[in-house]
file work_13.pdb (PDB, N, CA and C atoms)
MODEL        1
ATOM      1  N   MET A 276      76.389  84.710-201.776  1.00  0.00           N
ATOM      2  CA  MET A 276      75.143  85.405-201.538  1.00  0.00           C
ATOM      3  C   MET A 276      75.453  86.824-201.079  1.00  0.00           C
ATOM      4  N   ASP A 277      74.645  87.762-201.505  1.00  0.00           N
ATOM      5  CA  ASP A 277      74.803  89.171-201.160  1.00  0.00           C
ATOM      6  C   ASP A 277      74.593  89.358-199.658  1.00  0.00           C
ATOM      7  N   SER A 278      75.510  90.060-198.987  1.00  0.00           N
ATOM      8  CA  SER A 278      75.402  90.248-197.535  1.00  0.00           C
ATOM      9  C   SER A 278      74.168  91.052-197.154  1.00  0.00           C
ATOM     10  N   THR A 279      73.676  91.911-198.058  1.00  0.00           N
ATOM     11  CA  THR A 279      72.445  92.660-197.779  1.00  0.00           C
ATOM     12  C   THR A 279      71.262  91.712-197.659  1.00  0.00           C
ATOM     13  N   LEU A 280      71.230  90.710-198.537  1.00  0.00           N
ATOM     14  CA  LEU A 280      70.145  89.736-198.468  1.00  0.00           C
ATOM     15  C   LEU A 280      70.193  88.958-197.164  1.00  0.00           C
ATOM     16  N   ILE A 281      71.378  88.559-196.754  1.00  0.00           N
ATOM     17  CA  ILE A 281      71.518  87.810-195.516  1.00  0.00           C
ATOM     18  C   ILE A 281      71.065  88.648-194.325  1.00  0.00           C
ATOM     19  N   GLN A 282      71.422  89.923-194.303  1.00  0.00           N
ATOM     20  CA  GLN A 282      71.047  90.797-193.195  1.00  0.00           C
ATOM     21  C   GLN A 282      69.534  90.977-193.102  1.00  0.00           C
ATOM     22  N   ASN A 283      68.838  90.846-194.231  1.00  0.00           N
ATOM     23  CA  ASN A 283      67.386  91.041-194.243  1.00  0.00           C
ATOM     24  C   ASN A 283      66.606  89.741-194.107  1.00  0.00           C
ATOM     25  N   GLU A 284      67.296  88.612-194.001  1.00  0.00           N
ATOM     26  CA  GLU A 284      66.604  87.332-193.879  1.00  0.00           C
ATOM     27  C   GLU A 284      65.927  87.206-192.525  1.00  0.00           C
ATOM     28  N   VAL A 285      64.747  86.619-192.540  1.00  0.00           N
ATOM     29  CA  VAL A 285      64.021  86.326-191.311  1.00  0.00           C
ATOM     30  C   VAL A 285      63.465  84.915-191.409  1.00  0.00           C
ATOM     31  N   CYS A 286      63.121  84.372-190.271  1.00  0.00           N
ATOM     32  CA  CYS A 286      62.508  83.049-190.197  1.00  0.00           C
ATOM     33  C   CYS A 286      61.167  83.191-189.484  1.00  0.00           C
ATOM     34  N   LEU A 287      60.117  82.676-190.079  1.00  0.00           N
ATOM     35  CA  LEU A 287      58.799  82.664-189.454  1.00  0.00           C
ATOM     36  C   LEU A 287      58.577  81.284-188.865  1.00  0.00           C
ATOM     37  N   GLY A 288      58.431  81.231-187.554  1.00  0.00           N
ATOM     38  CA  GLY A 288      58.138  79.974-186.879  1.00  0.00           C
ATOM     39  C   GLY A 288      56.700  79.968-186.394  1.00  0.00           C
ATOM     40  N   VAL A 289      56.048  78.844-186.528  1.00  0.00           N
ATOM     41  CA  VAL A 289      54.651  78.727-186.112  1.00  0.00           C
ATOM     42  C   VAL A 289      54.488  77.492-185.244  1.00  0.00           C
ATOM     43  N   VAL A 290      53.907  77.693-184.073  1.00  0.00           N
ATOM     44  CA  VAL A 290      53.543  76.587-183.192  1.00  0.00           C
ATOM     45  C   VAL A 290      52.056  76.344-183.418  1.00  0.00           C
ATOM     46  N   THR A 291      51.731  75.157-183.870  1.00  0.00           N
ATOM     47  CA  THR A 291      50.341  74.857-184.208  1.00  0.00           C
ATOM     48  C   THR A 291      49.629  74.176-183.041  1.00  0.00           C
ATOM     49  N   HIS A 292      48.397  74.559-182.869  1.00  0.00           N
ATOM     50  CA  HIS A 292      47.513  73.956-181.876  1.00  0.00           C
ATOM     51  C   HIS A 292      46.207  73.613-182.573  1.00  0.00           C
ATOM     52  N   LEU A 293      45.346  72.934-181.898  1.00  0.00           N
ATOM     53  CA  LEU A 293      44.096  72.476-182.505  1.00  0.00           C
ATOM     54  C   LEU A 293      43.218  73.632-182.978  1.00  0.00           C
ATOM     55  N   ASP A 294      43.113  74.701-182.184  1.00  0.00           N
ATOM     56  CA  ASP A 294      42.206  75.784-182.548  1.00  0.00           C
ATOM     57  C   ASP A 294      42.878  77.146-182.746  1.00  0.00           C
ATOM     58  N   LYS A 295      44.130  77.293-182.395  1.00  0.00           N
ATOM     59  CA  LYS A 295      44.868  78.560-182.552  1.00  0.00           C
ATOM     60  C   LYS A 295      46.325  78.251-182.861  1.00  0.00           C
ATOM     61  N   HIS A 296      47.018  79.211-183.484  1.00  0.00           N
ATOM     62  CA  HIS A 296      48.454  79.102-183.734  1.00  0.00           C
ATOM     63  C   HIS A 296      49.169  80.261-183.034  1.00  0.00           C
ATOM     64  N   VAL A 297      50.471  80.112-182.847  1.00  0.00           N
ATOM     65  CA  VAL A 297      51.320  81.173-182.307  1.00  0.00           C
ATOM     66  C   VAL A 297      52.482  81.333-183.284  1.00  0.00           C
ATOM     67  N   GLY A 298      52.788  82.592-183.661  1.00  0.00           N
ATOM     68  CA  GLY A 298      53.854  82.834-184.617  1.00  0.00           C
ATOM     69  C   GLY A 298      54.941  83.725-184.042  1.00  0.00           C
ATOM     70  N   VAL A 299      56.162  83.546-184.545  1.00  0.00           N
ATOM     71  CA  VAL A 299      57.301  84.367-184.149  1.00  0.00           C
ATOM     72  C   VAL A 299      58.188  84.578-185.371  1.00  0.00           C
ATOM     73  N   VAL A 300      58.733  85.799-185.494  1.00  0.00           N
ATOM     74  CA  VAL A 300      59.684  86.102-186.559  1.00  0.00           C
ATOM     75  C   VAL A 300      61.027  86.376-185.912  1.00  0.00           C
ATOM     76  N   ILE A 301      62.063  85.699-186.435  1.00  0.00           N
ATOM     77  CA  ILE A 301      63.407  85.806-185.879  1.00  0.00           C
ATOM     78  C   ILE A 301      64.365  86.233-186.988  1.00  0.00           C
ATOM     79  N   LYS A 302      65.212  87.237-186.696  1.00  0.00           N
ATOM     80  CA  LYS A 302      66.246  87.657-187.652  1.00  0.00           C
ATOM     81  C   LYS A 302      67.324  86.586-187.741  1.00  0.00           C
ATOM     82  N   HIS A 303      68.156  86.692-188.766  1.00  0.00           N
ATOM     83  CA  HIS A 303      69.181  85.662-188.988  1.00  0.00           C
ATOM     84  C   HIS A 303      70.167  85.563-187.832  1.00  0.00           C
ATOM     85  N   GLN A 304      70.302  86.618-187.006  1.00  0.00           N
ATOM     86  CA  GLN A 304      71.197  86.559-185.850  1.00  0.00           C
ATOM     87  C   GLN A 304      70.537  85.918-184.635  1.00  0.00           C
ATOM     88  N   GLY A 305      69.237  85.620-184.730  1.00  0.00           N
ATOM     89  CA  GLY A 305      68.527  85.000-183.618  1.00  0.00           C
ATOM     90  C   GLY A 305      67.682  85.949-182.800  1.00  0.00           C
ATOM     91  N   LYS A 306      67.650  87.226-183.166  1.00  0.00           N
ATOM     92  CA  LYS A 306      66.869  88.219-182.425  1.00  0.00           C
ATOM     93  C   LYS A 306      65.383  88.135-182.823  1.00  0.00           C
ATOM     94  N   VAL A 307      64.505  88.046-181.816  1.00  0.00           N
ATOM     95  CA  VAL A 307      63.061  88.029-182.065  1.00  0.00           C
ATOM     96  C   VAL A 307      62.633  89.436-182.457  1.00  0.00           C
ATOM     97  N   ILE A 308      61.951  89.559-183.600  1.00  0.00           N
ATOM     98  CA  ILE A 308      61.510  90.880-184.050  1.00  0.00           C
ATOM     99  C   ILE A 308      59.994  91.013-184.105  1.00  0.00           C
ATOM    100  N   GLY A 309      59.265  89.940-183.825  1.00  0.00           N
ATOM    101  CA  GLY A 309      57.815  90.030-183.798  1.00  0.00           C
ATOM    102  C   GLY A 309      57.176  88.727-183.368  1.00  0.00           C
ATOM    103  N   THR A 310      56.043  88.838-182.692  1.00  0.00           N
ATOM    104  CA  THR A 310      55.293  87.654-182.284  1.00  0.00           C
ATOM    105  C   THR A 310      53.801  87.908-182.458  1.00  0.00           C
ATOM    106  N   LEU A 311      53.062  86.859-182.663  1.00  0.00           N
ATOM    107  CA  LEU A 311      51.602  86.893-182.686  1.00  0.00           C
ATOM    108  C   LEU A 311      51.098  85.688-181.906  1.00  0.00           C
ATOM    109  N   ALA A 312      50.156  85.915-181.033  1.00  0.00           N
ATOM    110  CA  ALA A 312      49.564  84.831-180.254  1.00  0.00           C
ATOM    111  C   ALA A 312      48.093  84.685-180.628  1.00  0.00           C
ATOM    112  N   SER A 313      47.574  83.514-180.450  1.00  0.00           N
ATOM    113  CA  SER A 313      46.150  83.217-180.684  1.00  0.00           C
ATOM    114  C   SER A 313      45.703  83.577-182.095  1.00  0.00           C
ATOM    115  N   ILE A 314      46.440  83.094-183.066  1.00  0.00           N
ATOM    116  CA  ILE A 314      46.094  83.338-184.461  1.00  0.00           C
ATOM    117  C   ILE A 314      45.032  82.329-184.877  1.00  0.00           C
ATOM    118  N   PRO A 315      43.900  82.817-185.382  1.00  0.00           N
ATOM    119  CA  PRO A 315      42.860  81.871-185.789  1.00  0.00           C
ATOM    120  C   PRO A 315      43.313  81.004-186.964  1.00  0.00           C
ATOM    121  N   ILE A 316      42.790  79.792-187.024  1.00  0.00           N
ATOM    122  CA  ILE A 316      43.138  78.858-188.082  1.00  0.00           C
ATOM    123  C   ILE A 316      42.139  79.044-189.222  1.00  0.00           C
ATOM    124  N   ASN A 317      42.378  80.093-190.000  1.00  0.00           N
ATOM    125  CA  ASN A 317      41.572  80.387-191.179  1.00  0.00           C
ATOM    126  C   ASN A 317      42.380  81.307-192.093  1.00  0.00           C
ATOM    127  N   LYS A 318      41.809  81.687-193.224  1.00  0.00           N
ATOM    128  CA  LYS A 318      42.536  82.509-194.192  1.00  0.00           C
ATOM    129  C   LYS A 318      43.020  83.824-193.574  1.00  0.00           C
ATOM    130  N   ALA A 319      42.185  84.468-192.794  1.00  0.00           N
ATOM    131  CA  ALA A 319      42.566  85.740-192.162  1.00  0.00           C
ATOM    132  C   ALA A 319      43.741  85.548-191.202  1.00  0.00           C
ATOM    133  N   GLY A 320      43.742  84.460-190.473  1.00  0.00           N
ATOM    134  CA  GLY A 320      44.824  84.177-189.548  1.00  0.00           C
ATOM    135  C   GLY A 320      46.138  83.926-190.264  1.00  0.00           C
ATOM    136  N   TYR A 321      46.084  83.174-191.363  1.00  0.00           N
ATOM    137  CA  TYR A 321      47.294  82.893-192.132  1.00  0.00           C
ATOM    138  C   TYR A 321      47.838  84.170-192.770  1.00  0.00           C
ATOM    139  N   LEU A 322      46.954  85.030-193.242  1.00  0.00           N
ATOM    140  CA  LEU A 322      47.401  86.313-193.801  1.00  0.00           C
ATOM    141  C   LEU A 322      48.038  87.185-192.719  1.00  0.00           C
ATOM    142  N   LYS A 323      47.496  87.118-191.521  1.00  0.00           N
ATOM    143  CA  LYS A 323      48.068  87.872-190.406  1.00  0.00           C
ATOM    144  C   LYS A 323      49.491  87.399-190.111  1.00  0.00           C
ATOM    145  N   LEU A 324      49.715  86.090-190.187  1.00  0.00           N
ATOM    146  CA  LEU A 324      51.067  85.545-190.001  1.00  0.00           C
ATOM    147  C   LEU A 324      52.021  86.096-191.062  1.00  0.00           C
ATOM    148  N   LEU A 325      51.555  86.147-192.290  1.00  0.00           N
ATOM    149  CA  LEU A 325      52.417  86.628-193.363  1.00  0.00           C
ATOM    150  C   LEU A 325      52.757  88.108-193.224  1.00  0.00           C
ATOM    151  N   THR A 326      51.895  88.885-192.569  1.00  0.00           N
ATOM    152  CA  THR A 326      52.212  90.304-192.368  1.00  0.00           C
ATOM    153  C   THR A 326      53.400  90.481-191.434  1.00  0.00           C
ATOM    154  N   LEU A 327      53.700  89.484-190.625  1.00  0.00           N
ATOM    155  CA  LEU A 327      54.875  89.564-189.755  1.00  0.00           C
ATOM    156  C   LEU A 327      56.171  89.620-190.552  1.00  0.00           C
ATOM    157  N   VAL A 328      56.207  88.963-191.694  1.00  0.00           N
ATOM    158  CA  VAL A 328      57.445  88.904-192.469  1.00  0.00           C
ATOM    159  C   VAL A 328      57.446  89.861-193.659  1.00  0.00           C
ATOM    160  N   ALA A 329      56.361  90.522-193.894  1.00  0.00           N
ATOM    161  CA  ALA A 329      56.270  91.450-195.030  1.00  0.00           C
ATOM    162  C   ALA A 329      56.933  92.766-194.729  1.00  0.00           C
TER     163      ALA A 329
ENDMDL
END
call {"tool": "encode", "arguments": {"input": "work_13.pdb", "output": "structure tokens"}}
result
Amino acid sequence: MDSTLIQNEVCLGVVTHLDKHVGVVIKHQGKVIGTLASIPINKAGYLKLLTLVA
């Protein structure tokens, strides 16, 4: 695998709750590069999560 691709890899983690979600983006080295709290459980909320990794 190309080392440039590995350096740009991120992981989006989501903690789900009944009425809200919490998201975090972590680089491949384990460094947190972004978080979102209280994400609504609807299309707008899911799109907001995806903007973290875009």
call {"tool": "residues_around", "arguments": {"input": "work_13.pdb", "residues": "Ile308 in chain A", "least_positions_apart": "4", "cutoff": "8 Å", "atoms": "all atoms listed in the file", "output": "ChimeraX atom specification"}}
result
/A:299-302,327
call {"tool": "select_by_dssp", "arguments": {"input": "work_13.pdb", "residues": "range 279-320 of chain A", "states": "strand (DSSP E or B)", "output": "list in words"}}
result
Val285, Cys286, Leu287, Gly288, Val289, Val290, Thr291, Lys295, His296, Val297, Gly298, Val299, Val300, Ile301, Lys302, Val307, Ile308, Gly309, Thr310, Leu311, Ala312, Ser313, Ile314 and Pro315 of chain A
call {"tool": "closest_atom_pairs", "arguments": {"input": "work_13.pdb", "of": "range 284-303 of chain A", "to": "range 310-321 of chain A", "cutoff": "7 Å", "atoms": "all atoms listed in the file", "output": "CSV"}}
result
residue,atom,partner,partner_atom,distance
A:Asp294,C,A:Ile316,N,5.0
A:Lys295,CA,A:Ile314,C,4.4
A:His296,C,A:Ile314,N,3.9
A:Val297,CA,A:Leu311,C,4.5
A:Gly298,C,A:Leu311,N,3.9
A:Val299,CA,A:Thr310,CA,4.3
A:Val300,N,A:Thr310,N,4.9
call {"tool": "atom_distance", "arguments": {"input": "work_13.pdb", "atom1": "CA of Gln304 in chain A", "atom2": "atom N of His292 in chain A"}}
result
25.9 Å
call {"tool": "atom_distance", "arguments": {"input": "work_13.pdb", "atom1": "atom N of Lys323 in chain A", "atom2": "atom C of Gln282 in chain A"}}
result
22.4 Å
call {"tool": "axis_aligned_box", "arguments": {"input": "work_13.pdb", "around": "range 302-317 of chain A", "padding_each_side": "4 Å", "output": "lines of an AutoDock Vina configuration file"}}
result
center_x = 56.4
center_y = 84.9
center_z = -186.2
size_x = 37.6
size_y = 20.2
size_z = 19.8
call {"tool": "atom_distance", "arguments": {"input": "work_13.pdb", "atom1": "atom N of Val307 in chain A", "atom2": "CA of Val289 in chain A"}}
result
14.2 Å
call {"tool": "resolve_selection", "arguments": {"input": "work_13.pdb", "expression": "the PyMOL selection byres ((chain A and resi 285) around 6)", "output": "mmCIF file with N, CA and C atoms, in the frame of the given file"}}
result
data_model
loop_
_atom_site.group_PDB
_atom_site.id
_atom_site.type_symbol
_atom_site.label_atom_id
_atom_site.label_comp_id
_atom_site.auth_asym_id
_atom_site.auth_seq_id
_atom_site.Cartn_x
_atom_site.Cartn_y
_atom_site.Cartn_z
ATOM 1 N N ASN A 283 68.838 90.846 -194.231
ATOM 2 C CA ASN A 283 67.386 91.041 -194.243
ATOM 3 C C ASN A 283 66.606 89.741 -194.107
ATOM 4 N N GLU A 284 67.296 88.612 -194.001
ATOM 5 C CA GLU A 284 66.604 87.332 -193.879
ATOM 6 C C GLU A 284 65.927 87.206 -192.525
ATOM 7 N N CYS A 286 63.121 84.372 -190.271
ATOM 8 C CA CYS A 286 62.508 83.049 -190.197
ATOM 9 C C CYS A 286 61.167 83.191 -189.484
ATOM 10 N N LEU A 287 60.117 82.676 -190.079
ATOM 11 C CA LEU A 287 58.799 82.664 -189.454
ATOM 12 C C LEU A 287 58.577 81.284 -188.865
ATOM 13 N N ILE A 301 62.063 85.699 -186.435
ATOM 14 C CA ILE A 301 63.407 85.806 -185.879
ATOM 15 C C ILE A 301 64.365 86.233 -186.988
ATOM 16 N N LYS A 302 65.212 87.237 -186.696
ATOM 17 C CA LYS A 302 66.246 87.657 -187.652
ATOM 18 C C LYS A 302 67.324 86.586 -187.741
ATOM 19 N N HIS A 303 68.156 86.692 -188.766
ATOM 20 C CA HIS A 303 69.181 85.662 -188.988
ATOM 21 C C HIS A 303 70.167 85.563 -187.832
#
call {"tool": "select_by_dssp", "arguments": {"input": "work_13.pdb", "residues": "chain A", "states": "helix (DSSP H, G or I)", "output": "ChimeraX atom specification"}}
result
/A:278-283,318-328
call {"tool": "build_atoms", "arguments": {"input": "work_13.pdb", "residues": "range 317-328 of chain A", "atoms": "all heavy atoms", "output": "short mmCIF file (atom, residue, chain, number, x, y, z; two decimals), in the coordinates of the input"}}
result
data_model
loop_
_atom_site.label_atom_id
_atom_site.label_comp_id
_atom_site.auth_asym_id
_atom_site.auth_seq_id
_atom_site.Cartn_x
_atom_site.Cartn_y
_atom_site.Cartn_z
N ASN A 317 42.38 80.09 -190.00
CA ASN A 317 41.57 80.39 -191.18
C ASN A 317 42.38 81.31 -192.09
O ASN A 317 43.52 81.65 -191.77
CB ASN A 317 40.23 81.03 -190.79
CG ASN A 317 40.38 82.29 -189.98
OD1 ASN A 317 41.36 83.03 -190.12
ND2 ASN A 317 39.43 82.55 -189.10
N LYS A 318 41.81 81.69 -193.22
CA LYS A 318 42.54 82.51 -194.19
C LYS A 318 43.02 83.82 -193.57
O LYS A 318 44.16 84.23 -193.78
CB LYS A 318 41.66 82.79 -195.41
CG LYS A 318 42.36 83.53 -196.51
CD LYS A 318 41.46 83.71 -197.72
CE LYS A 318 42.17 84.48 -198.81
NZ LYS A 318 41.33 84.62 -200.01
N ALA A 319 42.18 84.47 -192.79
CA ALA A 319 42.57 85.74 -192.16
C ALA A 319 43.74 85.55 -191.20
O ALA A 319 44.65 86.38 -191.14
CB ALA A 319 41.38 86.35 -191.43
N GLY A 320 43.74 84.46 -190.47
CA GLY A 320 44.82 84.18 -189.55
C GLY A 320 46.14 83.93 -190.26
O GLY A 320 47.20 84.41 -189.86
N TYR A 321 46.08 83.17 -191.36
CA TYR A 321 47.29 82.89 -192.13
C TYR A 321 47.84 84.17 -192.77
O TYR A 321 49.05 84.39 -192.81
CB TYR A 321 47.03 81.83 -193.19
CG TYR A 321 46.60 80.50 -192.61
CD1 TYR A 321 45.58 79.77 -193.16
CD2 TYR A 321 47.24 79.99 -191.48
CE1 TYR A 321 45.18 78.55 -192.62
CE2 TYR A 321 46.86 78.77 -190.93
CZ TYR A 321 45.83 78.07 -191.51
OH TYR A 321 45.44 76.87 -190.96
N LEU A 322 46.95 85.03 -193.24
CA LEU A 322 47.40 86.31 -193.80
C LEU A 322 48.04 87.18 -192.72
O LEU A 322 49.02 87.89 -192.97
CB LEU A 322 46.23 87.04 -194.46
CG LEU A 322 45.73 86.43 -195.76
CD1 LEU A 322 44.45 87.11 -196.22
CD2 LEU A 322 46.79 86.49 -196.84
N LYS A 323 47.50 87.12 -191.52
CA LYS A 323 48.07 87.87 -190.41
C LYS A 323 49.49 87.40 -190.11
O LYS A 323 50.38 88.19 -189.84
CB LYS A 323 47.18 87.71 -189.17
CG LYS A 323 47.39 88.71 -188.09
CD LYS A 323 46.30 88.58 -187.04
CE LYS A 323 46.37 89.72 -186.06
NZ LYS A 323 45.34 89.62 -185.04
N LEU A 324 49.72 86.09 -190.19
CA LEU A 324 51.07 85.54 -190.00
C LEU A 324 52.02 86.10 -191.06
O LEU A 324 53.15 86.48 -190.75
CB LEU A 324 51.05 84.02 -190.11
CG LEU A 324 50.70 83.25 -188.86
CD1 LEU A 324 50.55 81.77 -189.21
CD2 LEU A 324 51.74 83.43 -187.79
N LEU A 325 51.56 86.15 -192.29
CA LEU A 325 52.42 86.63 -193.36
C LEU A 325 52.76 88.11 -193.22
O LEU A 325 53.81 88.54 -193.67
CB LEU A 325 51.76 86.37 -194.72
CG LEU A 325 51.67 84.90 -195.13
CD1 LEU A 325 50.90 84.75 -196.43
CD2 LEU A 325 53.06 84.29 -195.24
N THR A 326 51.90 88.88 -192.57
CA THR A 326 52.21 90.30 -192.37
C THR A 326 53.40 90.48 -191.43
O THR A 326 54.05 91.52 -191.46
CB THR A 326 51.01 91.09 -191.82
OG1 THR A 326 50.66 90.61 -190.53
CG2 THR A 326 49.81 91.02 -192.75
N LEU A 327 53.70 89.48 -190.62
CA LEU A 327 54.88 89.56 -189.76
C LEU A 327 56.17 89.62 -190.55
O LEU A 327 57.13 90.24 -190.13
CB LEU A 327 54.94 88.35 -188.83
CG LEU A 327 54.13 88.36 -187.55
CD1 LEU A 327 54.26 87.04 -186.83
CD2 LEU A 327 54.54 89.49 -186.65
N VAL A 328 56.21 88.96 -191.69
CA VAL A 328 57.44 88.90 -192.47
C VAL A 328 57.45 89.86 -193.66
O VAL A 328 58.44 89.99 -194.35
CB VAL A 328 57.74 87.47 -192.96
CG1 VAL A 328 58.01 86.56 -191.79
CG2 VAL A 328 56.62 86.93 -193.82
#
